[in-house]
Amino acid sequence: MNINIPTPLRAYTGGEQTVSVPGATVGEALEALTGAYPELRQNLYSAEGKLRSFVNLYLNDDDIRYLPQKEATPVEENDELSIIPSIAGGY
Amino acid sequence: MLKLTYSDYVAVRAHGEQSYPQECCGILLGKVESDGNVVREIVRAGNTRTDSAHNRYHIAPEELIRAQREGRRRGLDIVGFYHSHPDHPAQWSQTDFDEAHWVGCSYVITAVVAGKANITNSFLLTGSNEEDKKFLDEPVEIEVSNAETTQERGEQ
């Protein structure tokens with residue numbers, strides 16, 4: 001499947017916007033991604049190995065937090081996973 | 001350095017005025033070049049923080065994905081974001097900093113005072129991770145085309 005890398009994380013994927021990885025589930029695809037680009041791991045996961053709260057993962061147009069199987073959701077070769085850090089603020 | 005056209009600069013500020021007294025927000029699409037982020041298009045976004053829109057903003061990830069997809073189709077990247085501070089200085093706040101995660105991107109803030117756009121500043125988020133990130137004051141270069149110069153003179 002293809003994983004879309006947001007601008008701030010491309011420093012860790014050699015500038016690649018989209019990375020093609022193997023994997024039968026979202027979790028396996030992410031594992032393949034961080035296996036290929038280990039520096040991504042600390043930007044995506046906390047020291048405890050949990051996905052950082054500000055990192056959104058969308059399988060095509062669906063937030064994986066709200067998919068019944070979450071990271072165990074099966075993926076097809078032409079699926080698209082987007083990593084999208086949140087944008088918020090104010091004063 | 002953040003570069004944007006005069007019309008985009010005006011549009012960002014106008015969005016702040018139209019949203020007043022609530023915060024506006026949007027996405028800057030463009031290119032990362034050797035001397036900074038160059039904006040080619042601004043994309044207005046909705047502020048999902050309807051519970052406290054006068055002093056908070058949040059862009060739905062779905063809007064970011066759409067903008068990223070559209071940008072990719074046209075060879076553009078997300079290079080920054082903008083929002084307004086109604087009746088508050090054009091300076092990043094602790095909330096802005098805590099919620100900033102797009103390292104390398106420009107965060108543009110426009111102060112809107114009593115409904116009128118006042119100062120617009122840009123801050124570049126630098127660092128390599130959450131632990132060492134920081135905002136740097138970023139110079140803003142506004143590209144004025146000949147047509148816009150003529151129009152401005154005509155308006156005076």
# chains A, B, ... in the order shown; residues from 1 in each chain; ligands from 1
$ closest_atom_pairs --of "range 39-130 of chain B" --to "range 4-24 of chain A" --cutoff "10 Å" --atoms "only C-alpha atoms" --output "JSON lines"
{"residue": "B:Leu64", "atom": "CA", "partner": "A:Pro6", "partner_atom": "CA", "distance": 9.9}
{"residue": "B:Ile65", "atom": "CA", "partner": "A:Asn4", "partner_atom": "CA", "distance": 9.5}
{"residue": "B:Gln68", "atom": "CA", "partner": "A:Pro6", "partner_atom": "CA", "distance": 8.1}
{"residue": "B:Arg69", "atom": "CA", "partner": "A:Asn4", "partner_atom": "CA", "distance": 9.3}
{"residue": "B:Arg72", "atom": "CA", "partner": "A:Gln17", "partner_atom": "CA", "distance": 8.7}
{"residue": "B:Asp77", "atom": "CA", "partner": "A:Thr7", "partner_atom": "CA", "distance": 7.0}
{"residue": "B:Ile78", "atom": "CA", "partner": "A:Thr7", "partner_atom": "CA", "distance": 6.6}
{"residue": "B:Val79", "atom": "CA", "partner": "A:Thr7", "partner_atom": "CA", "distance": 7.3}
{"residue": "B:Gly80", "atom": "CA", "partner": "A:Thr7", "partner_atom": "CA", "distance": 9.6}
{"residue": "B:His101", "atom": "CA", "partner": "A:Pro8", "partner_atom": "CA", "distance": 8.0}
{"residue": "B:Trp102", "atom": "CA", "partner": "A:Pro8", "partner_atom": "CA", "distance": 5.3}
{"residue": "B:Val103", "atom": "CA", "partner": "A:Pro8", "partner_atom": "CA", "distance": 5.0}
{"residue": "B:Gly104", "atom": "CA", "partner": "A:Pro8", "partner_atom": "CA", "distance": 6.0}
{"residue": "B:Cys105", "atom": "CA", "partner": "A:Pro8", "partner_atom": "CA", "distance": 7.4}
{"residue": "B:Leu125", "atom": "CA", "partner": "A:Pro8", "partner_atom": "CA", "distance": 9.7}
{"residue": "B:Thr126", "atom": "CA", "partner": "A:Pro8", "partner_atom": "CA", "distance": 9.7}
{"residue": "B:Ser128", "atom": "CA", "partner": "A:Pro8", "partner_atom": "CA", "distance": 8.9}
{"residue": "B:Asn129", "atom": "CA", "partner": "A:Pro8", "partner_atom": "CA", "distance": 9.7}
$ residues_around --residues "Met1 in chain A" --least-positions-apart "5" --cutoff "12 Å" --atoms "only C-alpha atoms" --output "VMD selection string"
chain A and resid 18 to 30 32 to 33 59 to 60 74 to 82
$ residues_around --residues "range 4-9 of chain B" --least-positions-apart "5" --cutoff "8 Å" --atoms "only C-alpha atoms" --output "PDB file with N, CA and C atoms, in the first residue's frame"
ATOM      1  N   VAL B  38       7.627  29.094  -0.028  1.00  0.00           N
ATOM      2  CA  VAL B  38       6.996  29.962  -1.018  1.00  0.00           C
ATOM      3  C   VAL B  38       5.541  29.537  -1.178  1.00  0.00           C
ATOM      4  N   VAL B  39       4.618  30.444  -0.873  1.00  0.00           N
ATOM      5  CA  VAL B  39       3.191  30.123  -0.950  1.00  0.00           C
ATOM      6  C   VAL B  39       2.695  30.350  -2.372  1.00  0.00           C
ATOM      7  N   ARG B  40       1.971  29.351  -2.881  1.00  0.00           N
ATOM      8  CA  ARG B  40       1.385  29.483  -4.219  1.00  0.00           C
ATOM      9  C   ARG B  40      -0.135  29.559  -4.155  1.00  0.00           C
ATOM     10  N   GLU B  41      -0.696  29.095  -3.050  1.00  0.00           N
ATOM     11  CA  GLU B  41      -2.149  29.122  -2.926  1.00  0.00           C
ATOM     12  C   GLU B  41      -2.532  29.042  -1.458  1.00  0.00           C
ATOM     13  N   ILE B  42      -3.568  29.774  -1.102  1.00  0.00           N
ATOM     14  CA  ILE B  42      -4.082  29.618   0.261  1.00  0.00           C
ATOM     15  C   ILE B  42      -5.416  28.879   0.199  1.00  0.00           C
ATOM     16  N   VAL B 140       8.784  37.973   6.314  1.00  0.00           N
ATOM     17  CA  VAL B 140       7.765  37.728   5.294  1.00  0.00           C
ATOM     18  C   VAL B 140       8.058  38.628   4.104  1.00  0.00           C
ATOM     19  N   GLU B 141       8.164  38.018   2.939  1.00  0.00           N
ATOM     20  CA  GLU B 141       8.379  38.802   1.716  1.00  0.00           C
ATOM     21  C   GLU B 141       7.105  38.749   0.887  1.00  0.00           C
ATOM     22  N   ILE B 142       6.572  39.903   0.577  1.00  0.00           N
ATOM     23  CA  ILE B 142       5.325  39.954  -0.194  1.00  0.00           C
ATOM     24  C   ILE B 142       5.660  40.344  -1.628  1.00  0.00           C
ATOM     25  N   GLU B 143       5.267  39.454  -2.543  1.00  0.00           N
ATOM     26  CA  GLU B 143       5.549  39.711  -3.964  1.00  0.00           C
ATOM     27  C   GLU B 143       4.398  40.533  -4.530  1.00  0.00           C
ATOM     28  N   VAL B 144       4.737  41.702  -5.031  1.00  0.00           N
ATOM     29  CA  VAL B 144       3.715  42.578  -5.601  1.00  0.00           C
ATOM     30  C   VAL B 144       3.875  42.581  -7.112  1.00  0.00           C
ATOM     31  N   SER B 145       2.818  42.179  -7.817  1.00  0.00           N
ATOM     32  CA  SER B 145       2.898  42.177  -9.281  1.00  0.00           C
ATOM     33  C   SER B 145       2.645  43.593  -9.796  1.00  0.00           C
ATOM     34  N   GLU B 148      -0.981  44.581  -9.522  1.00  0.00           N
ATOM     35  CA  GLU B 148      -1.409  44.941  -8.186  1.00  0.00           C
ATOM     36  C   GLU B 148      -0.900  46.329  -7.804  1.00  0.00           C
TER      37      GLU B 148
END
$ residues_around --residues "range 23-31 of chain B" --least-positions-apart "3" --cutoff "8 Å" --atoms "only C-alpha atoms" --output "number ranges by chain"
A: 90; B: 15-16, 19-20, 37-47, 53-59, 64, 67, 71, 76-86
$ write_last_selection --atoms "N, CA and C atoms" --output "mmCIF file, in the first residue's frame"
data_model
loop_
_atom_site.group_PDB
_atom_site.id
_atom_site.type_symbol
_atom_site.label_atom_id
_atom_site.label_comp_id
_atom_site.auth_asym_id
_atom_site.auth_seq_id
_atom_site.Cartn_x
_atom_site.Cartn_y
_atom_site.Cartn_z
ATOM 1 N N GLY A 90 -4.364 28.788 19.190
ATOM 2 C CA GLY A 90 -5.199 29.852 19.733
ATOM 3 C C GLY A 90 -4.436 30.542 20.844
ATOM 4 N N HIS B 15 -9.684 37.085 5.512
ATOM 5 C CA HIS B 15 -10.330 35.945 6.174
ATOM 6 C C HIS B 15 -10.428 36.215 7.676
ATOM 7 N N GLY B 16 -9.378 36.791 8.236
ATOM 8 C CA GLY B 16 -9.385 37.127 9.662
ATOM 9 C C GLY B 16 -10.459 38.149 10.001
ATOM 10 N N SER B 19 -13.980 36.547 9.736
ATOM 11 C CA SER B 19 -14.283 35.590 10.810
ATOM 12 C C SER B 19 -14.437 36.261 12.172
ATOM 13 N N TYR B 20 -13.946 37.479 12.284
ATOM 14 C CA TYR B 20 -13.988 38.199 13.555
ATOM 15 C C TYR B 20 -15.413 38.211 14.120
ATOM 16 N N ASN B 37 9.921 29.106 2.557
ATOM 17 C CA ASN B 37 8.645 28.561 2.089
ATOM 18 C C ASN B 37 7.976 29.567 1.155
ATOM 19 N N VAL B 38 7.627 29.094 -0.028
ATOM 20 C CA VAL B 38 6.996 29.962 -1.018
ATOM 21 C C VAL B 38 5.541 29.537 -1.178
ATOM 22 N N VAL B 39 4.618 30.444 -0.873
ATOM 23 C CA VAL B 39 3.191 30.123 -0.950
ATOM 24 C C VAL B 39 2.695 30.350 -2.372
ATOM 25 N N ARG B 40 1.971 29.351 -2.881
ATOM 26 C CA ARG B 40 1.385 29.483 -4.219
ATOM 27 C C ARG B 40 -0.135 29.559 -4.155
ATOM 28 N N GLU B 41 -0.696 29.095 -3.050
ATOM 29 C CA GLU B 41 -2.149 29.122 -2.926
ATOM 30 C C GLU B 41 -2.532 29.042 -1.458
ATOM 31 N N ILE B 42 -3.568 29.774 -1.102
ATOM 32 C CA ILE B 42 -4.082 29.618 0.261
ATOM 33 C C ILE B 42 -5.416 28.879 0.199
ATOM 34 N N VAL B 43 -5.635 28.025 1.179
ATOM 35 C CA VAL B 43 -6.863 27.234 1.226
ATOM 36 C C VAL B 43 -7.561 27.553 2.545
ATOM 37 N N ARG B 44 -8.725 28.161 2.457
ATOM 38 C CA ARG B 44 -9.471 28.460 3.675
ATOM 39 C C ARG B 44 -9.939 27.162 4.319
ATOM 40 N N ALA B 45 -9.879 27.112 5.630
ATOM 41 C CA ALA B 45 -10.355 25.922 6.340
ATOM 42 C C ALA B 45 -11.405 26.358 7.344
ATOM 43 N N GLY B 46 -12.241 25.425 7.719
ATOM 44 C CA GLY B 46 -13.212 25.712 8.760
ATOM 45 C C GLY B 46 -12.556 25.566 10.122
ATOM 46 N N ASN B 47 -13.027 26.350 11.091
ATOM 47 C CA ASN B 47 -12.531 26.212 12.463
ATOM 48 C C ASN B 47 -13.488 25.281 13.204
ATOM 49 N N ALA B 53 -14.445 29.385 19.669
ATOM 50 C CA ALA B 53 -13.837 29.848 18.408
ATOM 51 C C ALA B 53 -13.218 31.244 18.503
ATOM 52 N N HIS B 54 -13.515 31.979 19.583
ATOM 53 C CA HIS B 54 -12.921 33.315 19.695
ATOM 54 C C HIS B 54 -11.444 33.247 20.066
ATOM 55 N N ASN B 55 -11.006 32.126 20.663
ATOM 56 C CA ASN B 55 -9.595 32.048 21.047
ATOM 57 C C ASN B 55 -8.959 30.679 20.794
ATOM 58 N N ARG B 56 -9.625 29.843 20.000
ATOM 59 C CA ARG B 56 -9.050 28.542 19.662
ATOM 60 C C ARG B 56 -9.352 28.223 18.200
ATOM 61 N N TYR B 57 -8.442 27.474 17.576
ATOM 62 C CA TYR B 57 -8.764 26.979 16.240
ATOM 63 C C TYR B 57 -8.268 25.542 16.112
ATOM 64 N N HIS B 58 -8.894 24.840 15.216
ATOM 65 C CA HIS B 58 -8.495 23.467 14.901
ATOM 66 C C HIS B 58 -8.971 23.192 13.489
ATOM 67 N N ILE B 59 -8.073 22.651 12.668
ATOM 68 C CA ILE B 59 -8.439 22.302 11.296
ATOM 69 C C ILE B 59 -8.686 20.797 11.246
ATOM 70 N N LEU B 64 -7.115 18.755 5.856
ATOM 71 C CA LEU B 64 -5.677 18.705 5.577
ATOM 72 C C LEU B 64 -5.379 17.654 4.516
ATOM 73 N N ALA B 67 -6.402 18.975 1.166
ATOM 74 C CA ALA B 67 -5.446 19.987 0.685
ATOM 75 C C ALA B 67 -4.144 19.323 0.235
ATOM 76 N N GLY B 71 -2.814 19.428 -3.434
ATOM 77 C CA GLY B 71 -1.479 19.974 -3.642
ATOM 78 C C GLY B 71 -0.595 19.013 -4.422
ATOM 79 N N LEU B 76 2.361 20.757 -5.437
ATOM 80 C CA LEU B 76 2.547 21.665 -4.299
ATOM 81 C C LEU B 76 2.487 20.878 -2.989
ATOM 82 N N ASP B 77 3.104 21.437 -1.970
ATOM 83 C CA ASP B 77 3.112 20.830 -0.646
ATOM 84 C C ASP B 77 2.419 21.753 0.347
ATOM 85 N N ILE B 78 2.067 21.194 1.504
ATOM 86 C CA ILE B 78 1.640 22.055 2.609
ATOM 87 C C ILE B 78 2.910 22.682 3.190
ATOM 88 N N VAL B 79 3.011 24.016 3.108
ATOM 89 C CA VAL B 79 4.220 24.687 3.625
ATOM 90 C C VAL B 79 3.910 25.537 4.851
ATOM 91 N N GLY B 80 2.643 25.611 5.215
ATOM 92 C CA GLY B 80 2.320 26.387 6.405
ATOM 93 C C GLY B 80 0.831 26.492 6.636
ATOM 94 N N PHE B 81 0.508 27.282 7.647
ATOM 95 C CA PHE B 81 -0.883 27.453 8.081
ATOM 96 C C PHE B 81 -1.045 28.898 8.519
ATOM 97 N N TYR B 82 -2.281 29.357 8.531
ATOM 98 C CA TYR B 82 -2.516 30.690 9.087
ATOM 99 C C TYR B 82 -3.721 30.640 10.012
ATOM 100 N N HIS B 83 -3.717 31.554 10.961
ATOM 101 C CA HIS B 83 -4.902 31.757 11.779
ATOM 102 C C HIS B 83 -4.883 33.175 12.304
ATOM 103 N N SER B 84 -5.993 33.592 12.898
ATOM 104 C CA SER B 84 -6.081 34.969 13.394
ATOM 105 C C SER B 84 -6.171 34.970 14.911
ATOM 106 N N HIS B 85 -5.775 36.100 15.482
ATOM 107 C CA HIS B 85 -5.938 36.335 16.916
ATOM 108 C C HIS B 85 -6.863 37.539 17.075
ATOM 109 N N PRO B 86 -8.150 37.302 17.289
ATOM 110 C CA PRO B 86 -9.067 38.439 17.465
ATOM 111 C C PRO B 86 -8.744 39.209 18.746
#
$ interface_residues --of "chain A" --to "chain B" --cutoff "7 Å" --atoms "only C-alpha atoms" --output "VMD selection string"
chain A and resid 7 to 8 43 84 to 91
$ select_by_dssp --residues "range 29-111 of chain B" --states "strand (DSSP E)" --output "MDAnalysis selection string"
chainID B and resid 29:33 36:45 56:59 77:86 106:111
$ select_by_dssp --residues "range 77-132 of chain B" --states "helix (DSSP H, G or I)" --output "tab-separated table (two decimals) with N, CA and C atoms, in the first residue's frame"
chain	number	residue	atom	x	y	z
B	94	GLN	N	1.33	30.04	24.03
B	94	GLN	CA	1.75	28.71	24.52
B	94	GLN	C	0.91	27.62	23.87
B	95	THR	N	-0.40	27.91	23.68
B	95	THR	CA	-1.27	26.92	23.02
B	95	THR	C	-0.81	26.70	21.59
B	96	ASP	N	-0.50	27.81	20.89
B	96	ASP	CA	-0.01	27.67	19.51
B	96	ASP	C	1.22	26.77	19.47
B	97	PHE	N	2.11	26.99	20.43
B	97	PHE	CA	3.36	26.23	20.45
B	97	PHE	C	3.09	24.75	20.78
B	98	ASP	N	2.31	24.54	21.81
B	98	ASP	CA	2.03	23.14	22.22
B	98	ASP	C	1.38	22.36	21.09
$ closest_residue --among "B:Glu131, B:Glu70, B:Asp137, B:Asp87" --to "Ala111 in chain B" --atoms "only C-alpha atoms"
B:Asp87
$ atom_distance --atom1 "CA of Lys116 in chain B" --atom2 "CA of Pro139 in chain B"
22.1 Å
$ atom_distance --atom1 "CA of Pro21 in chain B" --atom2 "CA of Thr110 in chain B"
12.7 Å
$ decode --residues "range 17-113 of chain B" --atoms "C-alpha atoms" --output "mmCIF file, in the first residue's frame"
data_model
loop_
_atom_site.group_PDB
_atom_site.id
_atom_site.type_symbol
_atom_site.label_atom_id
_atom_site.label_comp_id
_atom_site.auth_asym_id
_atom_site.auth_seq_id
_atom_site.Cartn_x
_atom_site.Cartn_y
_atom_site.Cartn_z
ATOM 1 C CA GLU B 17 -11.649 40.162 9.338
ATOM 2 C CA GLN B 18 -14.564 38.125 7.991
ATOM 3 C CA SER B 19 -14.283 35.590 10.810
ATOM 4 C CA TYR B 20 -13.988 38.199 13.555
ATOM 5 C CA PRO B 21 -14.654 37.904 16.500
ATOM 6 C CA GLN B 22 -13.836 34.251 15.889
ATOM 7 C CA GLU B 23 -10.505 32.851 14.809
ATOM 8 C CA CYS B 24 -10.059 31.970 11.162
ATOM 9 C CA CYS B 25 -7.662 29.335 9.917
ATOM 10 C CA GLY B 26 -6.293 28.012 6.668
ATOM 11 C CA ILE B 27 -3.601 26.093 4.860
ATOM 12 C CA LEU B 28 -0.693 27.429 2.807
ATOM 13 C CA LEU B 29 0.191 25.360 -0.244
ATOM 14 C CA GLY B 30 3.445 25.976 -2.031
ATOM 15 C CA LYS B 31 7.041 24.895 -2.328
ATOM 16 C CA VAL B 32 9.893 24.546 0.092
ATOM 17 C CA GLU B 33 12.803 26.325 -1.558
ATOM 18 C CA SER B 34 16.367 26.946 -0.480
ATOM 19 C CA ASP B 35 15.563 30.409 0.871
ATOM 20 C CA GLY B 36 12.280 29.501 2.523
ATOM 21 C CA ASN B 37 8.645 28.561 2.089
ATOM 22 C CA VAL B 38 6.996 29.962 -1.018
ATOM 23 C CA VAL B 39 3.191 30.123 -0.950
ATOM 24 C CA ARG B 40 1.385 29.483 -4.219
ATOM 25 C CA GLU B 41 -2.149 29.122 -2.926
ATOM 26 C CA ILE B 42 -4.082 29.618 0.261
ATOM 27 C CA VAL B 43 -6.863 27.234 1.226
ATOM 28 C CA ARG B 44 -9.471 28.460 3.675
ATOM 29 C CA ALA B 45 -10.355 25.922 6.340
ATOM 30 C CA GLY B 46 -13.212 25.712 8.760
ATOM 31 C CA ASN B 47 -12.531 26.212 12.463
ATOM 32 C CA THR B 48 -13.883 23.118 14.193
ATOM 33 C CA ARG B 49 -13.470 24.667 17.663
ATOM 34 C CA THR B 50 -16.997 26.035 17.690
ATOM 35 C CA ASP B 51 -16.992 25.623 21.478
ATOM 36 C CA SER B 52 -14.386 28.385 21.860
ATOM 37 C CA ALA B 53 -13.837 29.848 18.408
ATOM 38 C CA HIS B 54 -12.921 33.315 19.695
ATOM 39 C CA ASN B 55 -9.595 32.048 21.047
ATOM 40 C CA ARG B 56 -9.050 28.542 19.662
ATOM 41 C CA TYR B 57 -8.764 26.979 16.240
ATOM 42 C CA HIS B 58 -8.495 23.467 14.901
ATOM 43 C CA ILE B 59 -8.439 22.302 11.296
ATOM 44 C CA ALA B 60 -10.155 18.979 10.635
ATOM 45 C CA PRO B 61 -7.630 16.363 9.442
ATOM 46 C CA GLU B 62 -10.001 15.610 6.561
ATOM 47 C CA GLU B 63 -9.431 19.152 5.273
ATOM 48 C CA LEU B 64 -5.677 18.705 5.577
ATOM 49 C CA ILE B 65 -5.835 15.445 3.635
ATOM 50 C CA ARG B 66 -7.910 17.081 0.910
ATOM 51 C CA ALA B 67 -5.446 19.987 0.685
ATOM 52 C CA GLN B 68 -2.470 17.627 0.663
ATOM 53 C CA ARG B 69 -4.081 15.526 -2.081
ATOM 54 C CA GLU B 70 -4.958 18.567 -4.162
ATOM 55 C CA GLY B 71 -1.479 19.974 -3.642
ATOM 56 C CA ARG B 72 0.174 16.732 -4.683
ATOM 57 C CA ARG B 73 -1.877 16.688 -7.863
ATOM 58 C CA ARG B 74 -0.478 20.116 -8.713
ATOM 59 C CA GLY B 75 3.072 19.627 -7.478
ATOM 60 C CA LEU B 76 2.547 21.665 -4.299
ATOM 61 C CA ASP B 77 3.112 20.830 -0.646
ATOM 62 C CA ILE B 78 1.640 22.055 2.609
ATOM 63 C CA VAL B 79 4.220 24.687 3.625
ATOM 64 C CA GLY B 80 2.320 26.387 6.405
ATOM 65 C CA PHE B 81 -0.883 27.453 8.081
ATOM 66 C CA TYR B 82 -2.516 30.690 9.087
ATOM 67 C CA HIS B 83 -4.902 31.757 11.779
ATOM 68 C CA SER B 84 -6.081 34.969 13.394
ATOM 69 C CA HIS B 85 -5.938 36.335 16.916
ATOM 70 C CA PRO B 86 -9.067 38.439 17.465
ATOM 71 C CA ASP B 87 -8.187 41.384 19.727
ATOM 72 C CA HIS B 88 -4.905 39.756 20.663
ATOM 73 C CA PRO B 89 -1.305 40.342 19.470
ATOM 74 C CA ALA B 90 0.108 38.615 16.371
ATOM 75 C CA GLN B 91 2.421 36.569 18.549
ATOM 76 C CA TRP B 92 2.393 32.828 19.069
ATOM 77 C CA SER B 93 0.898 31.681 22.334
ATOM 78 C CA GLN B 94 1.752 28.715 24.517
ATOM 79 C CA THR B 95 -1.269 26.923 23.025
ATOM 80 C CA ASP B 96 -0.010 27.668 19.509
ATOM 81 C CA PHE B 97 3.356 26.228 20.452
ATOM 82 C CA ASP B 98 2.027 23.143 22.216
ATOM 83 C CA GLU B 99 -0.212 22.354 19.248
ATOM 84 C CA ALA B 100 2.421 23.009 16.559
ATOM 85 C CA HIS B 101 3.751 19.787 15.049
ATOM 86 C CA TRP B 102 4.582 20.618 11.446
ATOM 87 C CA VAL B 103 8.334 21.240 11.690
ATOM 88 C CA GLY B 104 9.620 23.243 8.732
ATOM 89 C CA CYS B 105 6.248 24.879 8.178
ATOM 90 C CA SER B 106 5.336 28.554 8.586
ATOM 91 C CA TYR B 107 2.681 29.537 11.097
ATOM 92 C CA VAL B 108 1.180 32.879 10.104
ATOM 93 C CA ILE B 109 -0.780 34.854 12.691
ATOM 94 C CA THR B 110 -2.804 37.998 12.006
ATOM 95 C CA ALA B 111 -3.984 40.179 14.854
ATOM 96 C CA VAL B 112 -7.498 41.445 14.161
ATOM 97 C CA VAL B 113 -8.305 44.482 16.271
#
